[in-house]
$ cat my_file.cif   # mmCIF, C-alpha atoms
data_my_file
#
loop_
_atom_site.group_PDB
_atom_site.id
_atom_site.type_symbol
_atom_site.label_atom_id
_atom_site.label_comp_id
_atom_site.auth_asym_id
_atom_site.auth_seq_id
_atom_site.Cartn_x
_atom_site.Cartn_y
_atom_site.Cartn_z
ATOM 1 C CA MET A 459 76.168 196.529 -30.346
ATOM 2 C CA PRO A 460 75.103 197.495 -33.882
ATOM 3 C CA LEU A 461 74.734 194.694 -36.412
ATOM 4 C CA ASP A 462 75.957 195.940 -39.779
ATOM 5 C CA THR A 463 74.665 193.216 -42.093
ATOM 6 C CA PRO A 464 72.041 190.479 -42.228
ATOM 7 C CA ARG A 465 74.882 187.935 -41.821
ATOM 8 C CA ASP A 466 75.930 189.681 -38.580
ATOM 9 C CA ALA A 467 72.344 189.329 -37.374
ATOM 10 C CA GLN A 468 72.306 185.621 -38.298
ATOM 11 C CA VAL A 469 75.504 184.996 -36.348
ATOM 12 C CA ARG A 470 74.157 186.941 -33.354
ATOM 13 C CA GLN A 471 70.968 184.834 -33.489
ATOM 14 C CA THR A 472 73.013 181.632 -33.581
ATOM 15 C CA ILE A 473 74.921 182.677 -30.461
ATOM 16 C CA ASP A 474 71.675 183.744 -28.754
ATOM 17 C CA ASP A 475 70.263 180.302 -29.617
ATOM 18 C CA LEU A 476 73.432 178.660 -28.295
ATOM 19 C CA ILE A 477 73.087 180.512 -24.991
ATOM 20 C CA GLN A 478 69.422 179.548 -24.619
ATOM 21 C CA THR A 479 69.960 175.882 -25.462
ATOM 22 C CA ALA A 480 73.148 175.484 -23.410
ATOM 23 C CA THR A 481 71.699 177.147 -20.315
ATOM 24 C CA THR A 482 68.686 174.790 -20.412
ATOM 25 C CA TYR A 483 70.805 171.726 -21.302
ATOM 26 C CA ASP A 484 68.985 171.101 -24.608
ATOM 27 C CA VAL A 485 71.511 168.635 -26.006
ATOM 28 C CA ALA A 486 69.522 167.929 -29.188
ATOM 29 C CA ALA A 487 69.577 171.626 -30.108
ATOM 30 C CA LEU A 488 73.254 171.865 -29.203
ATOM 31 C CA ASP A 489 73.945 169.003 -31.601
ATOM 32 C CA ARG A 490 72.647 171.170 -34.441
ATOM 33 C CA ILE A 491 74.493 174.340 -33.378
ATOM 34 C CA TYR A 492 77.828 172.629 -32.710
ATOM 35 C CA HIS A 493 79.795 171.596 -35.797
ATOM 36 C CA ASP A 494 80.977 167.976 -35.900
ATOM 37 C CA SER A 495 84.579 169.232 -35.580
ATOM 38 C CA LEU A 496 83.843 171.401 -32.511
ATOM 39 C CA TYR A 497 86.866 171.962 -30.289
ATOM 40 C CA VAL A 498 86.527 173.661 -26.903
ATOM 41 C CA MET A 499 89.411 175.016 -24.823
ATOM 42 C CA MET A 500 88.619 176.256 -21.325
ATOM 43 C CA ILE A 501 91.224 177.969 -19.134
ATOM 44 C CA ASP A 502 90.337 178.376 -15.465
ATOM 45 C CA GLN A 503 91.591 180.830 -12.852
ATOM 46 C CA ASN A 504 94.475 178.468 -12.005
ATOM 47 C CA HIS A 505 95.616 178.464 -15.659
ATOM 48 C CA THR A 506 94.480 174.863 -16.070
ATOM 49 C CA LEU A 507 93.502 174.015 -19.633
ATOM 50 C CA ASN A 508 90.606 171.639 -20.239
ATOM 51 C CA THR A 509 89.641 170.597 -23.745
ATOM 52 C CA ALA A 510 86.631 168.863 -25.232
ATOM 53 C CA ASP A 511 85.298 167.747 -28.570
ATOM 54 C CA LYS A 512 81.641 167.897 -29.557
ATOM 55 C CA ASP A 513 80.616 164.652 -27.859
ATOM 56 C CA ALA A 514 82.437 165.433 -24.623
ATOM 57 C CA PHE A 515 81.068 168.976 -24.419
ATOM 58 C CA LYS A 516 77.509 167.801 -25.111
ATOM 59 C CA ALA A 517 77.983 165.142 -22.422
ATOM 60 C CA LEU A 518 78.756 167.879 -19.905
ATOM 61 C CA PHE A 519 75.379 169.518 -20.595
ATOM 62 C CA ALA A 520 73.612 166.152 -20.628
ATOM 63 C CA SER A 521 75.016 165.341 -17.182
ATOM 64 C CA LYS A 522 73.774 168.663 -15.790
ATOM 65 C CA ARG A 523 70.328 167.948 -17.234
ATOM 66 C CA ALA A 524 70.322 164.400 -15.820
ATOM 67 C CA ALA A 525 71.311 165.778 -12.411
ATOM 68 C CA GLY A 526 68.300 168.098 -12.485
ATOM 69 C CA ASP A 527 70.434 171.235 -12.343
ATOM 70 C CA PRO A 528 68.439 174.465 -12.677
ATOM 71 C CA PRO A 529 68.940 176.545 -15.840
ATOM 72 C CA MET A 530 72.091 178.653 -15.922
ATOM 73 C CA ASN A 531 72.301 182.414 -16.182
ATOM 74 C CA THR A 532 71.666 183.707 -19.735
ATOM 75 C CA TRP A 533 73.392 187.077 -19.235
ATOM 76 C CA ALA A 534 75.655 188.002 -22.145
ATOM 77 C CA LYS A 535 77.491 191.085 -23.381
ATOM 78 C CA PHE A 536 78.549 191.002 -27.018
ATOM 79 C CA HIS A 537 81.812 192.830 -27.696
ATOM 80 C CA ASN A 538 82.347 192.048 -31.363
ATOM 81 C CA ILE A 539 80.864 190.078 -34.246
ATOM 82 C CA LYS A 540 83.010 189.763 -37.366
ATOM 83 C CA VAL A 541 81.698 187.928 -40.424
ATOM 84 C CA ASP A 542 84.018 187.182 -43.346
ATOM 85 C CA GLY A 543 82.224 185.202 -46.032
ATOM 86 C CA ASP A 544 81.301 181.809 -44.597
ATOM 87 C CA THR A 545 83.286 182.226 -41.374
ATOM 88 C CA ALA A 546 82.611 184.371 -38.349
ATOM 89 C CA HIS A 547 84.076 185.252 -34.986
ATOM 90 C CA VAL A 548 82.222 186.408 -31.881
ATOM 91 C CA LEU A 549 83.762 187.844 -28.725
ATOM 92 C CA LEU A 550 81.478 188.038 -25.699
ATOM 93 C CA SER A 551 81.320 187.992 -21.931
ATOM 94 C CA ARG A 552 79.021 185.689 -19.956
ATOM 95 C CA LYS A 553 78.188 184.857 -16.367
ATOM 96 C CA ASN A 554 77.339 181.293 -15.376
ATOM 97 C CA ASP A 555 78.201 178.342 -13.185
ATOM 98 C CA LEU A 556 79.038 175.727 -15.824
ATOM 99 C CA SER A 557 82.125 174.807 -13.796
ATOM 100 C CA GLY A 558 80.056 174.447 -10.603
ATOM 101 C CA VAL A 559 80.963 177.907 -9.277
ATOM 102 C CA ASN A 560 79.635 181.304 -10.375
ATOM 103 C CA MET A 561 82.152 182.635 -12.872
ATOM 104 C CA ASP A 562 82.697 185.479 -15.290
ATOM 105 C CA LEU A 563 83.570 184.077 -18.708
ATOM 106 C CA THR A 564 85.196 185.634 -21.743
ATOM 107 C CA LEU A 565 84.437 183.615 -24.860
ATOM 108 C CA SER A 566 86.022 183.670 -28.286
ATOM 109 C CA ILE A 567 83.766 181.696 -30.638
ATOM 110 C CA ASP A 568 84.457 180.728 -34.257
ATOM 111 C CA LEU A 569 81.657 179.728 -36.607
ATOM 112 C CA ILE A 570 81.276 178.424 -40.135
ATOM 113 C CA PHE A 571 78.258 178.672 -42.433
ATOM 114 C CA GLU A 572 77.680 175.112 -43.609
ATOM 115 C CA ASP A 573 74.559 173.047 -44.400
ATOM 116 C CA ASP A 574 72.502 176.267 -44.637
ATOM 117 C CA ARG A 575 73.217 177.321 -41.046
ATOM 118 C CA TRP A 576 75.877 178.861 -38.819
ATOM 119 C CA GLN A 577 77.679 176.272 -36.693
ATOM 120 C CA VAL A 578 80.181 176.711 -33.861
ATOM 121 C CA THR A 579 83.563 175.174 -34.687
ATOM 122 C CA ARG A 580 85.655 176.436 -31.764
ATOM 123 C CA GLU A 581 85.125 177.983 -28.345
ATOM 124 C CA VAL A 582 87.933 179.417 -26.264
ATOM 125 C CA ILE A 583 86.640 180.123 -22.758
ATOM 126 C CA PHE A 584 88.507 182.068 -20.088
ATOM 127 C CA LEU A 585 87.050 181.597 -16.586
ATOM 128 C CA ARG A 586 87.580 183.881 -13.628
ATOM 129 C CA PRO A 587 85.779 184.180 -10.312
ATOM 130 C CA GLU A 588 82.716 186.407 -10.491
ATOM 131 C CA GLY A 589 83.490 190.063 -9.774
ATOM 132 C CA VAL A 590 87.298 189.719 -10.021
#
$ encode --input "my_file.cif" --output "structure tokens"
Amino acid sequence: MPLDTPRDAQVRQTIDDLIQTATTYDVAALDRIYHDSLYVMMIDQNHTLNTADKDAFKALFASKRAAGDPPMNTWAKFHNIKVDGDTAHVLLSRKNDLSGVNMDLTLSIDLIFEDDRWQVTREVIFLRPEGV
């Protein structure tokens, strides 16, 4: 996907960094990427909604690290990056087993440029079984 501006490239790099740190359970790096007001909504294949704030979502990755889980899949397909001043939106597809089962994910991610860096403020994650 073409990146039209340097800000688009910065947002793409932030999401690439997010993928790398989340898939290796680097909670300290996630703390910097996730905004203090992070809100995550995850809808599974049974239409069950799970929500988390920054601390709860980081705890999920910390528990996977403590359990010795292997790194997750880093595959990603970017569909759209839209930057509007100090806010941005990214739409992408991912494949991983964050929920304990291999899943295809569609993510809608909102970011804000604050404290001289892009930070994730909201993630909406739609899970479906891999290949469905």
$ atom_distance --input "my_file.cif" --atom1 "atom CA of A:Val485" --atom2 "atom CA of A:Arg465"
25.2 Å
$ residues_around --input "my_file.cif" --residues "A:Asp475" --least-positions-apart "3" --cutoff "9 Å" --atoms "all atoms listed in the file" --output "ChimeraX atom specification"
/A:470-472,478-480,487-488,491
$ residues_near_point --input "my_file.cif" --point "(82.3, 190.6, -39.8)" --cutoff "12 Å" --atoms "all atoms listed in the file" --output "list in words"
Pro460, Leu461, Asp462, Thr463, Pro464, Arg465, Asp466, Ala467, Gln468, Val469, Arg470, Asn538, Ile539, Lys540, Val541, Asp542, Gly543, Asp544, Thr545, Ala546, His547, Val548, Leu549, Asp568 and Leu569 of chain A
$ closest_residue --input "my_file.cif" --among "A:His493, A:Lys512, A:Lys535, A:Lys522" --to "A:Val578" --atoms "only C-alpha atoms"
A:His493
$ residues_near_point --input "my_file.cif" --point "(71.5, 180.4, -15.5)" --cutoff "7 Å" --atoms "only C-alpha atoms" --output "PDB file with C-alpha atoms, in the frame of the given file"
ATOM      1  CA  THR A 481      71.699 177.147 -20.315  1.00  0.00           C
ATOM      2  CA  PRO A 529      68.940 176.545 -15.840  1.00  0.00           C
ATOM      3  CA  MET A 530      72.091 178.653 -15.922  1.00  0.00           C
ATOM      4  CA  ASN A 531      72.301 182.414 -16.182  1.00  0.00           C
ATOM      5  CA  THR A 532      71.666 183.707 -19.735  1.00  0.00           C
ATOM      6  CA  ASN A 554      77.339 181.293 -15.376  1.00  0.00           C
TER       7      ASN A 554
END
$ closest_residue --input "my_file.cif" --among "A:Ser495, A:Met500, A:Ile583, A:Asp527" --to "A:Asp513" --atoms "all atoms listed in the file"
A:Ser495
$ axis_aligned_box --input "my_file.cif" --around "stretch 464-475 of chain A" --padding-each-side "5 Å" --output "lines of an AutoDock Vina configuration file"
center_x = 73.1
center_y = 185.4
center_z = -35.5
size_x = 15.7
size_y = 20.2
size_z = 23.5
$ build_atoms --input "my_file.cif" --residues "stretch 487-516 of chain A" --atoms "N, CA and C atoms" --output "PDB file, in the frame of the given file"
ATOM      1  N   ALA A 487      69.370 170.350 -29.414  1.00  0.00           N
ATOM      2  CA  ALA A 487      69.577 171.626 -30.108  1.00  0.00           C
ATOM      3  C   ALA A 487      71.062 171.954 -30.206  1.00  0.00           C
ATOM      4  N   LEU A 488      71.811 171.631 -29.160  1.00  0.00           N
ATOM      5  CA  LEU A 488      73.254 171.865 -29.203  1.00  0.00           C
ATOM      6  C   LEU A 488      73.902 171.051 -30.319  1.00  0.00           C
ATOM      7  N   ASP A 489      73.404 169.853 -30.551  1.00  0.00           N
ATOM      8  CA  ASP A 489      73.945 169.003 -31.601  1.00  0.00           C
ATOM      9  C   ASP A 489      73.872 169.685 -32.958  1.00  0.00           C
ATOM     10  N   ARG A 490      72.823 170.463 -33.171  1.00  0.00           N
ATOM     11  CA  ARG A 490      72.647 171.170 -34.441  1.00  0.00           C
ATOM     12  C   ARG A 490      73.518 172.435 -34.519  1.00  0.00           C
ATOM     13  N   ILE A 491      73.708 173.098 -33.394  1.00  0.00           N
ATOM     14  CA  ILE A 491      74.493 174.340 -33.378  1.00  0.00           C
ATOM     15  C   ILE A 491      75.991 174.049 -33.418  1.00  0.00           C
ATOM     16  N   TYR A 492      76.411 172.984 -32.733  1.00  0.00           N
ATOM     17  CA  TYR A 492      77.828 172.629 -32.710  1.00  0.00           C
ATOM     18  C   TYR A 492      78.206 171.847 -33.961  1.00  0.00           C
ATOM     19  N   HIS A 493      79.251 172.278 -34.625  1.00  0.00           N
ATOM     20  CA  HIS A 493      79.795 171.596 -35.797  1.00  0.00           C
ATOM     21  C   HIS A 493      80.402 170.267 -35.350  1.00  0.00           C
ATOM     22  N   ASP A 494      80.417 169.288 -36.235  1.00  0.00           N
ATOM     23  CA  ASP A 494      80.977 167.976 -35.900  1.00  0.00           C
ATOM     24  C   ASP A 494      82.442 168.071 -35.460  1.00  0.00           C
ATOM     25  N   SER A 495      83.166 169.088 -35.951  1.00  0.00           N
ATOM     26  CA  SER A 495      84.579 169.232 -35.580  1.00  0.00           C
ATOM     27  C   SER A 495      84.784 170.214 -34.419  1.00  0.00           C
ATOM     28  N   LEU A 496      83.736 170.474 -33.637  1.00  0.00           N
ATOM     29  CA  LEU A 496      83.843 171.401 -32.511  1.00  0.00           C
ATOM     30  C   LEU A 496      85.044 171.056 -31.633  1.00  0.00           C
ATOM     31  N   TYR A 497      85.758 172.104 -31.226  1.00  0.00           N
ATOM     32  CA  TYR A 497      86.866 171.962 -30.289  1.00  0.00           C
ATOM     33  C   TYR A 497      86.730 173.073 -29.259  1.00  0.00           C
ATOM     34  N   VAL A 498      86.692 172.700 -27.989  1.00  0.00           N
ATOM     35  CA  VAL A 498      86.527 173.661 -26.903  1.00  0.00           C
ATOM     36  C   VAL A 498      87.783 173.641 -26.040  1.00  0.00           C
ATOM     37  N   MET A 499      88.291 174.843 -25.734  1.00  0.00           N
ATOM     38  CA  MET A 499      89.411 175.016 -24.823  1.00  0.00           C
ATOM     39  C   MET A 499      88.939 175.939 -23.709  1.00  0.00           C
ATOM     40  N   MET A 500      89.054 175.474 -22.469  1.00  0.00           N
ATOM     41  CA  MET A 500      88.619 176.256 -21.325  1.00  0.00           C
ATOM     42  C   MET A 500      89.804 176.406 -20.368  1.00  0.00           C
ATOM     43  N   ILE A 501      90.123 177.676 -20.046  1.00  0.00           N
ATOM     44  CA  ILE A 501      91.224 177.969 -19.134  1.00  0.00           C
ATOM     45  C   ILE A 501      90.629 178.550 -17.864  1.00  0.00           C
ATOM     46  N   ASP A 502      90.916 177.903 -16.725  1.00  0.00           N
ATOM     47  CA  ASP A 502      90.337 178.376 -15.465  1.00  0.00           C
ATOM     48  C   ASP A 502      91.274 179.363 -14.768  1.00  0.00           C
ATOM     49  N   GLN A 503      90.852 179.804 -13.589  1.00  0.00           N
ATOM     50  CA  GLN A 503      91.591 180.830 -12.852  1.00  0.00           C
ATOM     51  C   GLN A 503      92.955 180.344 -12.377  1.00  0.00           C
ATOM     52  N   ASN A 504      93.175 179.029 -12.379  1.00  0.00           N
ATOM     53  CA  ASN A 504      94.475 178.468 -12.005  1.00  0.00           C
ATOM     54  C   ASN A 504      95.340 178.174 -13.226  1.00  0.00           C
ATOM     55  N   HIS A 505      94.905 178.652 -14.387  1.00  0.00           N
ATOM     56  CA  HIS A 505      95.616 178.464 -15.659  1.00  0.00           C
ATOM     57  C   HIS A 505      95.612 177.011 -16.112  1.00  0.00           C
ATOM     58  N   THR A 506      94.632 176.241 -15.648  1.00  0.00           N
ATOM     59  CA  THR A 506      94.480 174.863 -16.070  1.00  0.00           C
ATOM     60  C   THR A 506      93.673 174.839 -17.358  1.00  0.00           C
ATOM     61  N   LEU A 507      94.173 174.138 -18.348  1.00  0.00           N
ATOM     62  CA  LEU A 507      93.502 174.015 -19.633  1.00  0.00           C
ATOM     63  C   LEU A 507      92.731 172.707 -19.687  1.00  0.00           C
ATOM     64  N   ASN A 508      91.437 172.806 -19.981  1.00  0.00           N
ATOM     65  CA  ASN A 508      90.606 171.639 -20.239  1.00  0.00           C
ATOM     66  C   ASN A 508      90.114 171.733 -21.675  1.00  0.00           C
ATOM     67  N   THR A 509      90.097 170.607 -22.365  1.00  0.00           N
ATOM     68  CA  THR A 509      89.641 170.597 -23.745  1.00  0.00           C
ATOM     69  C   THR A 509      88.519 169.582 -23.913  1.00  0.00           C
ATOM     70  N   ALA A 510      87.725 169.787 -24.946  1.00  0.00           N
ATOM     71  CA  ALA A 510      86.631 168.863 -25.232  1.00  0.00           C
ATOM     72  C   ALA A 510      86.294 168.909 -26.709  1.00  0.00           C
ATOM     73  N   ASP A 511      85.857 167.775 -27.227  1.00  0.00           N
ATOM     74  CA  ASP A 511      85.298 167.747 -28.570  1.00  0.00           C
ATOM     75  C   ASP A 511      83.781 167.850 -28.450  1.00  0.00           C
ATOM     76  N   LYS A 512      83.095 167.732 -29.554  1.00  0.00           N
ATOM     77  CA  LYS A 512      81.641 167.897 -29.557  1.00  0.00           C
ATOM     78  C   LYS A 512      80.953 166.920 -28.610  1.00  0.00           C
ATOM     79  N   ASP A 513      81.287 165.654 -28.697  1.00  0.00           N
ATOM     80  CA  ASP A 513      80.616 164.652 -27.859  1.00  0.00           C
ATOM     81  C   ASP A 513      80.876 164.892 -26.378  1.00  0.00           C
ATOM     82  N   ALA A 514      82.108 165.209 -26.030  1.00  0.00           N
ATOM     83  CA  ALA A 514      82.437 165.433 -24.623  1.00  0.00           C
ATOM     84  C   ALA A 514      81.749 166.683 -24.082  1.00  0.00           C
ATOM     85  N   PHE A 515      81.689 167.738 -24.889  1.00  0.00           N
ATOM     86  CA  PHE A 515      81.068 168.976 -24.419  1.00  0.00           C
ATOM     87  C   PHE A 515      79.560 168.791 -24.285  1.00  0.00           C
ATOM     88  N   LYS A 516      78.944 168.092 -25.231  1.00  0.00           N
ATOM     89  CA  LYS A 516      77.509 167.801 -25.111  1.00  0.00           C
ATOM     90  C   LYS A 516      77.248 166.927 -23.881  1.00  0.00           C
TER      91      LYS A 516
END
